[in-house]
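Q: Just so it is clear, I am handing over upload-v1.cif, which has mmCIF, C-alpha atoms.
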data_data
#
loop_
_atom_site.label_atom_id
_atom_site.label_comp_id
_atom_site.auth_asym_id
_atom_site.auth_seq_id
_atom_site.Cartn_x
_atom_site.Cartn_y
_atom_site.Cartn_z
CA MET A 1 82.64 53.52 -134.68
CA ILE A 2 81.38 50.25 -133.20
CA THR A 3 83.72 48.00 -131.24
CA ILE A 4 82.97 44.49 -129.98
CA LYS A 5 84.18 43.65 -126.50
CA GLU A 6 84.13 40.25 -124.78
CA MET A 7 82.76 40.33 -121.24
CA LYS A 8 84.52 38.12 -118.69
CA SER A 9 85.00 39.73 -115.28
CA LYS A 10 82.26 39.97 -112.64
CA LYS A 11 81.82 43.68 -113.32
CA GLU A 12 81.69 43.12 -117.07
CA MET A 13 79.11 40.35 -116.72
CA LYS A 14 76.97 42.56 -114.52
CA ASP A 15 77.14 45.26 -117.22
CA PHE A 16 76.14 42.61 -119.78
CA VAL A 17 73.10 41.59 -117.72
CA LYS A 18 72.06 45.14 -116.86
CA PHE A 19 72.13 46.56 -120.41
CA PRO A 20 68.42 45.71 -121.09
CA PHE A 21 67.43 47.56 -117.89
CA GLU A 22 68.58 50.75 -119.59
CA LEU A 23 67.22 49.82 -123.03
CA TYR A 24 63.70 49.00 -121.78
CA LYS A 25 63.50 51.27 -118.74
CA ASP A 26 60.44 53.13 -120.05
CA ASN A 27 58.73 50.08 -121.58
CA ALA A 28 55.52 48.87 -119.89
CA TYR A 29 55.70 45.33 -121.31
CA TRP A 30 59.28 44.25 -120.57
CA VAL A 31 59.70 42.02 -117.52
CA PRO A 32 63.18 42.23 -115.96
CA PRO A 33 64.98 39.13 -114.71
CA ILE A 34 66.43 38.88 -111.22
CA ILE A 35 70.01 40.06 -111.82
CA ASN A 36 71.71 37.53 -109.56
CA ASP A 37 69.73 34.65 -111.09
CA GLU A 38 70.69 35.82 -114.57
CA LEU A 39 74.36 36.04 -113.62
CA ALA A 40 74.24 32.51 -112.16
CA SER A 41 72.65 31.12 -115.34
CA LEU A 42 75.48 32.58 -117.43
CA ASP A 43 78.21 31.31 -115.07
CA LYS A 44 79.89 28.08 -116.18
CA THR A 45 80.80 27.30 -112.56
CA LYS A 46 77.14 27.41 -111.45
CA ASN A 47 75.03 26.18 -114.38
CA PRO A 48 75.47 22.44 -115.16
CA VAL A 49 74.41 22.98 -118.77
CA PHE A 50 78.04 23.93 -119.38
CA GLU A 51 79.04 20.30 -118.96
CA ASN A 52 77.84 19.94 -122.56
CA ALA A 53 77.83 23.52 -123.80
CA GLU A 54 79.98 26.62 -123.94
CA ALA A 55 79.28 30.32 -124.28
CA ARG A 56 81.05 33.63 -124.72
CA TYR A 57 79.48 37.01 -124.04
CA PHE A 58 79.97 40.20 -126.05
CA VAL A 59 78.79 43.79 -126.09
CA ALA A 60 78.91 46.38 -128.84
CA GLU A 61 80.23 49.77 -127.75
CA ARG A 62 80.14 53.18 -129.35
CA GLU A 63 82.12 56.01 -127.77
CA GLY A 64 82.56 53.90 -124.65
CA LYS A 65 78.83 53.25 -124.19
CA ILE A 66 77.19 49.81 -124.53
CA VAL A 67 74.71 49.81 -127.43
CA GLY A 68 74.11 46.06 -127.81
CA ARG A 69 74.88 42.62 -126.39
CA ILE A 70 74.87 38.97 -127.48
CA ALA A 71 75.81 35.50 -126.21
CA ALA A 72 77.58 33.11 -128.61
CA ILE A 73 76.60 29.55 -127.66
CA ILE A 74 77.52 26.02 -128.73
CA ASN A 75 75.51 23.11 -127.39
CA TRP A 76 77.84 20.17 -128.00
CA THR A 77 75.12 17.57 -127.39
CA GLU A 78 73.24 19.12 -130.29
CA VAL A 79 76.33 19.37 -132.50
CA LYS A 80 77.90 15.97 -131.82
CA ASP A 81 75.05 13.66 -130.84
CA GLN A 82 72.33 15.12 -133.08
CA ASP A 83 74.68 16.18 -135.89
CA LYS A 84 73.25 19.69 -136.06
CA LYS A 85 76.07 22.05 -136.99
CA LYS A 86 74.35 24.95 -135.26
CA MET A 87 76.00 28.02 -133.79
CA ARG A 88 73.51 29.43 -131.31
CA PHE A 89 73.08 33.00 -130.16
CA GLY A 90 70.96 34.41 -127.36
CA TRP A 91 70.64 37.23 -124.86
CA PHE A 92 70.50 39.55 -127.84
CA ASP A 93 69.57 43.20 -127.34
CA ALA A 94 70.50 46.29 -129.30
CA ILE A 95 69.57 49.87 -130.01
CA ASP A 96 67.76 50.63 -133.26
CA ASP A 97 70.86 50.60 -135.45
CA VAL A 98 71.24 47.69 -137.85
CA THR A 99 75.02 48.12 -137.95
CA VAL A 100 75.14 47.28 -134.23
CA THR A 101 73.12 44.12 -134.81
CA GLU A 102 75.31 43.21 -137.77
CA ALA A 103 78.53 43.63 -135.79
CA LEU A 104 77.27 41.40 -132.97
CA LEU A 105 76.03 38.69 -135.32
CA ASN A 106 79.26 38.78 -137.31
CA LYS A 107 81.12 37.97 -134.09
CA VAL A 108 78.89 34.95 -133.50
CA SER A 109 79.42 33.77 -137.08
CA GLU A 110 83.18 34.15 -136.65
CA ILE A 111 83.11 31.79 -133.66
CA GLY A 112 80.93 29.39 -135.62
CA LYS A 113 83.50 29.28 -138.44
CA GLU A 114 86.29 28.60 -135.95
CA ASN A 115 84.33 25.54 -134.75
CA ASN A 116 83.42 24.28 -138.23
CA LEU A 117 79.72 24.94 -137.75
CA GLU A 118 77.43 25.53 -140.71
CA TYR A 119 74.81 28.03 -139.65
CA VAL A 120 73.90 30.48 -136.91
CA GLU A 121 70.44 30.49 -135.31
CA GLY A 122 68.74 32.40 -132.54
CA PRO A 123 67.81 33.93 -130.29
CA VAL A 124 67.88 30.75 -128.19
CA GLY A 125 69.34 29.73 -124.86
CA PHE A 126 71.73 26.96 -123.92
CA SER A 127 69.01 24.27 -123.94
CA ASN A 128 65.25 23.76 -124.32
CA LEU A 129 64.70 24.89 -120.74
CA ASP A 130 65.93 28.41 -121.54
CA LYS A 131 64.16 31.32 -123.19
CA ALA A 132 63.91 31.26 -126.98
CA GLY A 133 62.50 33.25 -129.86
CA LEU A 134 62.34 36.83 -131.07
CA LEU A 135 58.96 38.46 -130.44
CA VAL A 136 57.30 39.19 -133.81
CA LYS A 137 53.70 39.67 -132.59
CA GLY A 138 52.39 40.91 -129.25
CA TYR A 139 54.60 43.91 -128.57
CA GLU A 140 51.85 45.45 -126.44
CA GLU A 141 51.30 42.34 -124.33
CA LEU A 142 52.93 41.95 -120.92
CA ASN A 143 55.90 39.63 -121.17
CA THR A 144 56.22 36.53 -118.99
CA MET A 145 59.11 35.55 -116.72
CA VAL A 146 60.17 32.71 -119.05
CA THR A 147 60.30 34.67 -122.32
CA TRP A 148 62.31 37.50 -123.83
CA TYR A 149 60.78 40.81 -124.86
CA ASN A 150 62.06 42.94 -127.72
CA PHE A 151 61.17 45.98 -129.79
CA PRO A 152 59.59 45.60 -133.29
CA TYR A 153 62.77 46.84 -135.01
CA TYR A 154 64.65 43.66 -134.04
CA LYS A 155 62.69 41.74 -136.68
CA GLU A 156 63.49 44.41 -139.26
CA HIS A 157 67.21 44.17 -138.47
CA PHE A 158 67.35 40.40 -139.03
CA GLU A 159 65.46 40.60 -142.28
CA LYS A 160 67.66 43.44 -143.56
CA LEU A 161 70.66 41.23 -142.81
CA SER A 162 69.16 38.38 -144.91
CA PHE A 163 68.36 36.07 -142.01
CA ASP A 164 65.59 33.56 -142.72
CA LYS A 165 62.83 32.27 -140.47
CA ALA A 166 63.89 29.05 -138.74
CA GLU A 167 61.26 28.12 -136.14
CA GLU A 168 58.17 29.87 -134.85
CA TRP A 169 56.38 29.63 -131.51
CA ILE A 170 52.86 30.77 -130.67
CA GLU A 171 51.22 31.70 -127.38
CA PHE A 172 47.56 31.82 -126.35
CA LYS A 173 45.51 33.44 -123.62
CA PHE A 174 42.01 32.61 -122.41
CA GLN A 175 39.73 32.99 -119.42
CA VAL A 176 38.93 30.44 -116.73
CA THR A 177 35.22 31.20 -117.31
CA ASP A 178 35.61 29.85 -120.86
CA ILE A 179 36.22 26.35 -119.48
CA SER A 180 33.09 24.18 -119.73
CA THR A 181 33.30 22.60 -116.28
CA PRO A 182 30.36 20.13 -116.33
CA LYS A 183 31.60 18.57 -119.57
CA LEU A 184 35.21 18.63 -118.39
CA LYS A 185 34.29 17.03 -115.07
CA ARG A 186 32.33 14.19 -116.71
CA PHE A 187 35.07 13.50 -119.26
CA SER A 188 37.76 13.58 -116.57
CA GLU A 189 35.89 11.02 -114.48
CA LEU A 190 35.18 8.81 -117.50
CA ILE A 191 38.83 8.73 -118.62
CA SER A 192 40.07 8.05 -115.09
CA GLN A 193 37.73 5.07 -114.71
CA LYS A 194 38.27 3.66 -118.19
CA LEU A 195 42.10 3.76 -118.02
CA GLU A 196 42.30 3.08 -114.27
CA LEU A 197 44.16 6.30 -113.54
CA GLN A 198 44.66 8.15 -110.29
CA LEU A 199 45.50 11.73 -109.37
CA ILE A 200 48.61 12.26 -107.24
CA ASP A 201 47.75 14.92 -104.67
CA PHE A 202 50.54 17.10 -103.27
CA LYS A 203 50.27 18.81 -99.90
CA SER A 204 53.84 20.12 -99.74
CA THR A 205 57.00 20.57 -101.81
CA LYS A 206 58.43 17.56 -100.01
CA ASP A 207 55.68 15.45 -101.59
CA VAL A 208 56.58 16.72 -105.08
CA LEU A 209 60.33 16.06 -105.05
CA PRO A 210 60.19 12.23 -105.48
CA TYR A 211 58.34 12.75 -108.78
CA VAL A 212 60.56 15.41 -110.34
CA ASP A 213 62.93 13.03 -112.15
CA ALA A 214 59.94 11.20 -113.64
CA MET A 215 58.46 14.55 -114.77
CA PHE A 216 61.63 15.44 -116.66
CA GLY A 217 61.66 11.93 -118.13
CA LEU A 218 58.18 12.61 -119.46
CA ILE A 219 59.38 15.91 -120.93
CA ASN A 220 62.06 14.04 -122.87
CA ASP A 221 59.49 11.46 -124.02
CA THR A 222 56.86 14.06 -124.91
CA TYR A 223 59.02 16.44 -126.94
CA SER A 224 61.83 14.25 -128.32
CA SER A 225 60.19 14.10 -131.76
CA LEU A 226 60.30 17.89 -132.20
CA SER A 227 63.02 19.22 -134.49
CA THR A 228 64.37 21.71 -131.95
CA TYR A 229 64.54 19.37 -128.97
CA VAL A 230 67.79 18.53 -127.17
CA PRO A 231 67.54 15.93 -124.34
CA ILE A 232 67.86 17.20 -120.77
CA ALA A 233 70.86 15.81 -118.88
CA GLN A 234 70.49 14.51 -115.32
CA SER A 235 72.78 17.25 -113.97
CA GLN A 236 70.44 19.85 -115.44
CA ILE A 237 67.46 18.12 -113.86
CA GLU A 238 69.12 18.33 -110.44
CA HIS A 239 69.88 22.01 -111.04
CA TYR A 240 66.32 22.93 -112.01
CA LYS A 241 64.93 20.80 -109.20
CA LYS A 242 66.80 22.91 -106.65
CA LYS A 243 66.18 26.20 -108.42
CA TYR A 244 62.50 26.04 -109.31
CA ILE A 245 60.49 23.27 -107.65
CA SER A 246 60.62 24.82 -104.18
CA PHE A 247 59.45 28.07 -105.82
CA ILE A 248 56.20 26.53 -107.12
CA HIS A 249 53.29 26.02 -104.77
CA PRO A 250 52.36 22.29 -104.84
CA SER A 251 48.72 23.09 -105.64
CA PHE A 252 49.89 24.39 -109.04
CA ILE A 253 51.44 21.01 -109.92
CA LYS A 254 49.18 18.16 -111.08
CA CYS A 255 50.31 14.58 -111.71
CA VAL A 256 48.45 11.52 -113.00
CA ALA A 257 49.57 7.91 -112.41
CA ASP A 258 48.48 4.54 -113.75
CA LYS A 259 46.97 1.83 -111.54
CA ASP A 260 50.47 0.77 -110.44
CA GLY A 261 51.44 4.28 -109.34
CA ASN A 262 53.71 5.05 -112.32
CA LEU A 263 53.66 8.68 -113.49
CA ILE A 264 52.06 8.99 -116.94
CA ALA A 265 51.26 12.73 -117.13
CA PHE A 266 51.86 16.02 -115.35
CA GLY A 267 51.23 19.73 -115.67
CA ILE A 268 52.90 22.72 -114.03
CA THR A 269 51.36 26.17 -113.79
CA MET A 270 52.33 29.24 -111.79
CA PRO A 271 50.72 32.51 -110.84
CA SER A 272 51.95 35.30 -113.08
CA PHE A 273 55.01 36.99 -111.59
CA SER A 274 55.37 39.55 -114.39
CA LYS A 275 54.10 42.59 -112.52
CA ALA A 276 55.92 41.55 -109.35
CA LEU A 277 59.19 41.28 -111.27
CA GLN A 278 58.64 44.72 -112.77
CA LYS A 279 58.27 46.12 -109.26
CA ALA A 280 61.34 44.20 -108.05
CA ASN A 281 63.34 45.66 -110.98
CA GLY A 282 66.03 42.99 -110.90
CA LYS A 283 66.54 42.75 -107.13
CA LEU A 284 64.99 40.41 -104.59
CA PHE A 285 66.18 42.49 -101.64
CA PRO A 286 65.22 44.49 -99.77
CA PHE A 287 61.69 44.72 -101.20
CA GLY A 288 61.55 42.57 -104.33
CA ILE A 289 60.92 39.35 -102.43
CA PHE A 290 57.75 40.84 -100.92
CA HIS A 291 56.33 41.58 -104.37
CA ILE A 292 57.07 37.98 -105.41
CA LEU A 293 55.44 36.50 -102.29
CA LYS A 294 52.41 38.73 -102.73
CA ALA A 295 52.00 37.63 -106.36
CA GLN A 296 52.23 34.02 -105.24
CA LYS A 297 49.29 34.40 -102.89
CA ASN A 298 47.14 37.11 -104.49
CA ASN A 299 46.87 36.90 -108.25
CA ASP A 300 44.15 36.68 -110.90
CA LYS A 301 46.43 35.43 -113.68
CA ALA A 302 48.35 32.18 -114.15
CA ALA A 303 50.52 30.63 -116.86
CA PHE A 304 50.89 27.06 -118.10
CA TYR A 305 54.61 26.33 -118.04
CA LEU A 306 55.10 22.64 -118.68
CA ILE A 307 52.98 19.66 -119.60
CA GLY A 308 54.19 16.14 -120.30
CA ILE A 309 52.30 13.00 -121.27
CA LYS A 310 53.69 9.52 -121.82
CA PRO A 311 53.53 8.85 -125.58
CA GLU A 312 51.22 5.84 -125.34
CA TYR A 313 48.71 7.93 -123.37
CA GLN A 314 48.67 10.91 -125.72
CA SER A 315 45.40 11.58 -127.57
CA LYS A 316 43.46 9.63 -124.93
CA GLY A 317 41.98 12.59 -123.10
CA ILE A 318 44.44 12.59 -120.19
CA THR A 319 44.63 16.38 -120.26
CA SER A 320 40.98 16.57 -119.21
CA ILE A 321 41.99 15.14 -115.82
CA ILE A 322 44.82 17.64 -115.43
CA PHE A 323 42.74 20.62 -116.58
CA TYR A 324 39.83 19.80 -114.32
CA GLU A 325 42.12 19.64 -111.31
CA PHE A 326 43.73 22.93 -112.35
CA TYR A 327 40.30 24.47 -112.79
CA LYS A 328 39.42 23.66 -109.17
CA THR A 329 42.69 25.19 -108.00
CA PHE A 330 42.19 28.31 -110.13
CA VAL A 331 38.70 28.89 -108.71
CA GLU A 332 40.01 28.39 -105.18
CA LYS A 333 42.94 30.79 -105.75
CA GLY A 334 40.95 33.44 -107.62
CA ILE A 335 42.67 32.89 -110.98
CA LYS A 336 40.59 34.35 -113.84
CA TYR A 337 43.04 34.56 -116.76
CA LEU A 338 45.40 31.97 -118.24
CA GLU A 339 48.34 32.19 -120.63
CA THR A 340 50.26 29.41 -122.34
CA ASN A 341 53.98 29.00 -122.67
CA PRO A 342 55.47 29.36 -126.19
CA GLU A 343 54.80 26.25 -128.28
CA LEU A 344 56.05 25.43 -131.77
CA GLU A 345 53.49 26.39 -134.40
CA ASP A 346 53.63 22.88 -135.89
CA ASN A 347 53.11 21.20 -132.50
CA HIS A 348 49.42 20.60 -133.19
CA SER A 349 49.02 18.05 -130.39
CA VAL A 350 49.79 20.73 -127.77
CA GLN A 351 47.66 23.37 -129.47
CA ALA A 352 44.74 20.94 -129.45
CA LEU A 353 44.78 21.14 -125.66
CA TRP A 354 43.35 24.67 -125.74
CA LYS A 355 40.76 24.31 -128.53
CA ASN A 356 37.77 24.11 -126.18
CA PHE A 357 38.76 27.22 -124.21
CA ASP A 358 38.17 29.88 -126.90
CA PRO A 359 41.89 30.80 -126.98
CA GLU A 360 43.28 34.01 -128.45
CA LEU A 361 46.64 33.76 -130.23
CA HIS A 362 48.25 36.91 -128.86
CA LYS A 363 52.01 36.39 -129.29
CA ARG A 364 54.41 34.94 -131.84
CA ARG A 365 58.12 34.30 -131.47
CA ARG A 366 60.62 33.35 -134.13
CA THR A 367 64.19 32.22 -134.45
CA TYR A 368 66.24 33.37 -137.41
CA LYS A 369 69.04 31.50 -139.16
CA LYS A 370 71.72 32.15 -141.71
CA GLU A 371 74.46 30.03 -143.23
CA ILE A 372 77.93 30.89 -142.01
#
Could you rewrite the structure in this file as structure tokens?
A:
Amino acid sequence: MITIKEMKSKKEMKDFVKFPFELYKDNAYWVPPIINDELASLDKTKNPVFENAEARYFVAEREGKIVGRIAAIINWTEVKDQDKKKMRFGWFDAIDDVTVTEALLNKVSEIGKENNLEYVEGPVGFSNLDKAGLLVKGYEELNTMVTWYNFPYYKEHFEKLSFDKAEEWIEFKFQVTDISTPKLKRFSELISQKLELQLIDFKSTKDVLPYVDAMFGLINDTYSSLSTYVPIAQSQIEHYKKKYISFIHPSFIKCVADKDGNLIAFGITMPSFSKALQKANGKLFPFGIFHILKAQKNNDKAAFYLIGIKPEYQSKGITSIIFYEFYKTFVEKGIKYLETNPELEDNHSVQALWKNFDPELHKRRRTYKKEI
């Protein structure tokens, strides 16, 4: 018999977060989160997203053992301001038993009904800055630190339960050697001169901080037209500024300004921390932090995490400037392989950025939806 239990106490929340560690313990492609970071993200007293959202956390138990988990989420900005009557779910994991999946999803639907919402969709996070999408291709590819991993049977469970495809994201990988540097260099210089643009060079994190608000403003401008996008509140910007910017080496952040010094484009990459996080196994101390620091300095793989371009400068070749500067950094740091962040399959403007790099589409992610 399956029972659904709501998790509230510190011990219960730790059990909620640690369930995937047991489920994927022998899997070579799953990348564990840092447990304390995960707990903080789910804590309404620590994550400012809860100023405009709410969440409840549940596990499925059989004979006293956890066999699945799920987060039931409502983003009120999405519901009230964008008039999307969506009941979100995320942090979904379960054993290969469709009745476990069904019981967890039924609980989410129940909460959706109580709040007069019309459909349930997931897996997604609280906002666009969280992980999203069920892996439907690329099960034998190493996961990244900003995405969820799951077994192939998850997809089968949703389809058996008559969930329909909602949105789909794709990811690419390519090699630094596939970048045509002479052509890229010439085009970068030409665009810079023609549009009177300048590169903003960062020597330290302190140099980056004054530009962070403008970067997030560009994210809102760049992605606001996408169907899944929910604007980022200033409180969230402050939160992510403190949490992540100091973590990123300034040489992996590139910004472009107009002749008056106004930010018009930026890109953020990071060395891959996937293998380091696997070694850390959820804990920074005593040894996990050393794996992270080592990956930061000695790595042959990097990932594109964010890119934003002011709408009036899109389709004008601005990315050539950013990519050429990244290329120089990658060569200097010994980066040989690149991977993109998930991007919506109908976001052709972003996909066009990789067309000259001989990209391989190696992963797909999907959200599923069903009327309540």
Q: How many Å separate CA of Leu105 in chain A from CA of Pro48 in chain A?
A: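 Rounded to one decimal, the two atoms are 25.9 Å apart.
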Q: What's around Glu61 in chain A at 12 Å? Count only C-alpha atoms, leave out sequence neighbours fewer than 4 positions away in its own chain, and write the answer as a PyMOL selection string.
A: chain A and resi 1-7+15-16+19+65-69+94-95+99-101+103-104
Q: Name the residues in contact with Phe357 in chain A at a cut-off of 12 Å, using all atoms listed in the file, excluding same-chain residues fewer than 5 positions from it; report them as a count of residues only.
A: 20
Q: Fewer than 5 positions away in the same chain doesn't count, so skip those; otherwise give me all residues within 9 Å of Cys255 in chain A, counting all atoms listed in the file, as a PyMOL selection string.
A: chain A and resi 198-202+211+215+263-268+322
Q: Would you translate the PyMOL selection byres ((chain A and resi 344-349) around 8) into the concrete set of residues it matches in this file, as a PyMOL selection string?
A: chain A and resi 167-170+226+315+342-343+350-353
Q: I'd like the contact shell of Glu141 in chain A - 8 Å cut-off, all atoms listed in the file, skipping same-chain residues fewer than 5 positions apart - returned as a PyMOL selection string.
A: chain A and resi 29+362-363
Q: Could you work out how far CA of Ser235 in chain A lies from CA of Phe89 in chain A, giving the answer in Å with one decimal?
A: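 Interatomic distance, CA of Phe89 in chain A to CA of Ser235 in chain A: 22.6 Å.
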Q: Expanded to explicit residues, what is the PyMOL selection byres ((chain A and resi 366-372) around 6) for this file, as number ranges by chain?
A: A: 109, 118-123, 133-134, 163-168, 365
Q: For the atom pair CA of Met145 in chain A and CA of Gly125 in chain A, what is the interatomic distance in Å to one decimal place?
A: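 Going from CA of Met145 in chain A over to CA of Gly125 in chain A covers 14.3 Å.
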Q: So that each row is one residue of range 315-334 of chain A with an atom at most 10 Å from range 294-307 of chain A, can you give its shortest atom pair and the distance in Å to one decimal, using only C-alpha atoms, rows by chain and rising number, as CSV?
A:
residue,atom,partner,partner_atom,distance
A:Thr319,CA,A:Ile307,CA,9.0
A:Ile322,CA,A:Ile307,CA,9.4
A:Phe330,CA,A:Ala302,CA,8.3
A:Val331,CA,A:Asp300,CA,9.8
A:Lys333,CA,A:Asn299,CA,7.7
A:Gly334,CA,A:Asp300,CA,5.6
Q: Would you list the residues near (82.1, 35.4, -132.0), meaning any protein, DNA or RNA residue with an atom at most 10 Å from that point in file coordinates, counting all atoms listed in the file, as a list in words?
A: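 Neighbouring residues, ordered by chain and number, come to Ile4, Glu6, Ala55, Arg56, Tyr57, Phe58, Ile70, Ala71, Ala72, Ile73, Met87, Phe89, Ala103, Leu104, Leu105, Asn106, Lys107, Val108, Ser109, Glu110, Ile111, Gly112, Lys113 and Glu114 of chain A.
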Q: Counting all atoms listed in the file, which residue out of A:Pro271, A:Gly308, A:Gly282, A:Pro359 sits closest to Lys14 in chain A?
A: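 That would be A:Gly282, the residue with the smallest distance to Lys14 in chain A.
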Q: Which residue out of A:Leu23, A:Val79, A:Ile191, A:Leu129 has the minimum interatomic distance to Asp96 in chain A when all atoms listed in the file are used?
A: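 Closest candidate: A:Leu23.
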Q: Give me the residues near Asn36 in chain A as a PDB file with C-alpha atoms, in the frame of the given file, where near means some atom within 12 Å (using only C-alpha atoms) and where sequence neighbours in that chain fewer than 2 positions away do not count.
A:
ATOM      1  CA  LYS A  10      82.260  39.970-112.640  1.00  0.00           C
ATOM      2  CA  MET A  13      79.110  40.350-116.720  1.00  0.00           C
ATOM      3  CA  LYS A  14      76.970  42.560-114.520  1.00  0.00           C
ATOM      4  CA  VAL A  17      73.100  41.590-117.720  1.00  0.00           C
ATOM      5  CA  LYS A  18      72.060  45.140-116.860  1.00  0.00           C
ATOM      6  CA  PRO A  32      63.180  42.230-115.960  1.00  0.00           C
ATOM      7  CA  PRO A  33      64.980  39.130-114.710  1.00  0.00           C
ATOM      8  CA  ILE A  34      66.430  38.880-111.220  1.00  0.00           C
ATOM      9  CA  GLU A  38      70.690  35.820-114.570  1.00  0.00           C
ATOM     10  CA  LEU A  39      74.360  36.040-113.620  1.00  0.00           C
ATOM     11  CA  ALA A  40      74.240  32.510-112.160  1.00  0.00           C
ATOM     12  CA  SER A  41      72.650  31.120-115.340  1.00  0.00           C
ATOM     13  CA  LEU A  42      75.480  32.580-117.430  1.00  0.00           C
ATOM     14  CA  ASP A  43      78.210  31.310-115.070  1.00  0.00           C
ATOM     15  CA  LYS A  46      77.140  27.410-111.450  1.00  0.00           C
ATOM     16  CA  ASN A 281      63.340  45.660-110.980  1.00  0.00           C
ATOM     17  CA  GLY A 282      66.030  42.990-110.900  1.00  0.00           C
ATOM     18  CA  LYS A 283      66.540  42.750-107.130  1.00  0.00           C
ATOM     19  CA  LEU A 284      64.990  40.410-104.590  1.00  0.00           C
ATOM     20  CA  PHE A 285      66.180  42.490-101.640  1.00  0.00           C
TER      21      PHE A 285
END
Q: Counting all atoms listed in the file, which of A:Ile74, A:Val230, A:Leu209, A:Ala132 gets nearest to Asn341 in chain A?
A: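 Closest to Asn341 in chain A, using all atoms listed in the file: A:Ala132.
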Q: Within 10 Å of (34.3, 16.7, -111.6) (coordinates as in the file), grab all the protein and nucleic acid residues, counting all atoms listed in the file, and write them out as a list in words.
A: Thr181, Pro182, Lys183, Leu184, Lys185, Arg186, Phe187, Ser188, Glu189, Leu190, Ile321, Tyr324, Glu325, Tyr327 and Lys328 of chain A
Q: Which one of A:Thr228, A:Pro311, A:Lys25, A:Lys206 sits closest to Gln82 in chain A if you count all atoms listed in the file?
A: A:Thr228
Q: Produce the centre coordinates and the three edge lengths, each in Å to one decimal, of the box along x, y and z that contains all listed atoms of range 245-254 of chain A with 4 Å added on each side, as AutoDock Vina command-line options.
A:
--center_x 54.7 --center_y 23.1 --center_z -107.6 --size_x 19.9 --size_y 17.9 --size_z 14.9
Q: Considering all atoms listed in the file, can you say which of A:Gln236, A:Ser224, A:Asn356, A:Asn75 comes closest to Arg88 in chain A?
A: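 Closest residue, counting all atoms listed in the file: A:Asn75.
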Q: Closest to Glu360 in chain A among A:Lys84, A:Asp207, A:Gly138, A:Leu195, using all atoms listed in the file?
A: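 So, comparing all the options, the nearest one is A:Gly138.
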Q: Can I get N, CA, C and O atoms for range 77-87 of chain A, as a PDB file, in the first residue's frame?
A:
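Output (decode22.pdb):
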ATOM      1  N   THR A  77       2.871  34.815  -9.504  1.00  0.00           N
ATOM      2  CA  THR A  77       3.095  35.794 -10.574  1.00  0.00           C
ATOM      3  C   THR A  77       2.578  35.236 -11.887  1.00  0.00           C
ATOM      4  O   THR A  77       1.909  35.925 -12.671  1.00  0.00           O
ATOM      5  N   GLU A  78       2.854  33.978 -12.123  1.00  0.00           N
ATOM      6  CA  GLU A  78       2.405  33.287 -13.325  1.00  0.00           C
ATOM      7  C   GLU A  78       0.880  33.179 -13.346  1.00  0.00           C
ATOM      8  O   GLU A  78       0.242  33.432 -14.378  1.00  0.00           O
ATOM      9  N   VAL A  79       0.303  32.816 -12.225  1.00  0.00           N
ATOM     10  CA  VAL A  79      -1.145  32.589 -12.155  1.00  0.00           C
ATOM     11  C   VAL A  79      -1.930  33.898 -12.258  1.00  0.00           C
ATOM     12  O   VAL A  79      -2.879  34.016 -13.040  1.00  0.00           O
ATOM     13  N   LYS A  80      -1.523  34.902 -11.472  1.00  0.00           N
ATOM     14  CA  LYS A  80      -2.297  36.139 -11.391  1.00  0.00           C
ATOM     15  C   LYS A  80      -1.938  37.158 -12.471  1.00  0.00           C
ATOM     16  O   LYS A  80      -2.823  37.718 -13.123  1.00  0.00           O
ATOM     17  N   ASP A  81      -0.648  37.383 -12.669  1.00  0.00           N
ATOM     18  CA  ASP A  81      -0.231  38.425 -13.613  1.00  0.00           C
ATOM     19  C   ASP A  81      -0.254  37.958 -15.062  1.00  0.00           C
ATOM     20  O   ASP A  81      -0.521  38.740 -15.966  1.00  0.00           O
ATOM     21  N   GLN A  82       0.055  36.663 -15.274  1.00  0.00           N
ATOM     22  CA  GLN A  82       0.080  36.142 -16.648  1.00  0.00           C
ATOM     23  C   GLN A  82      -1.162  35.316 -16.980  1.00  0.00           C
ATOM     24  O   GLN A  82      -1.295  34.836 -18.101  1.00  0.00           O
ATOM     25  N   ASP A  83      -2.035  35.163 -15.993  1.00  0.00           N
ATOM     26  CA  ASP A  83      -3.297  34.440 -16.193  1.00  0.00           C
ATOM     27  C   ASP A  83      -3.090  33.015 -16.717  1.00  0.00           C
ATOM     28  O   ASP A  83      -3.831  32.534 -17.567  1.00  0.00           O
ATOM     29  N   LYS A  84      -2.060  32.359 -16.198  1.00  0.00           N
ATOM     30  CA  LYS A  84      -1.834  30.955 -16.520  1.00  0.00           C
ATOM     31  C   LYS A  84      -2.245  30.135 -15.301  1.00  0.00           C
ATOM     32  O   LYS A  84      -1.580  30.189 -14.269  1.00  0.00           O
ATOM     33  N   LYS A  85      -3.293  29.399 -15.424  1.00  0.00           N
ATOM     34  CA  LYS A  85      -3.833  28.641 -14.294  1.00  0.00           C
ATOM     35  C   LYS A  85      -3.082  27.319 -14.140  1.00  0.00           C
ATOM     36  O   LYS A  85      -3.648  26.233 -14.172  1.00  0.00           O
ATOM     37  N   LYS A  86      -1.786  27.449 -13.924  1.00  0.00           N
ATOM     38  CA  LYS A  86      -0.887  26.297 -13.895  1.00  0.00           C
ATOM     39  C   LYS A  86      -0.545  25.873 -12.469  1.00  0.00           C
ATOM     40  O   LYS A  86      -0.144  26.672 -11.640  1.00  0.00           O
ATOM     41  N   MET A  87      -0.701  24.589 -12.215  1.00  0.00           N
ATOM     42  CA  MET A  87      -0.204  23.962 -10.995  1.00  0.00           C
ATOM     43  C   MET A  87       1.106  23.278 -11.364  1.00  0.00           C
ATOM     44  O   MET A  87       1.122  22.343 -12.166  1.00  0.00           O
TER      45      MET A  87
END
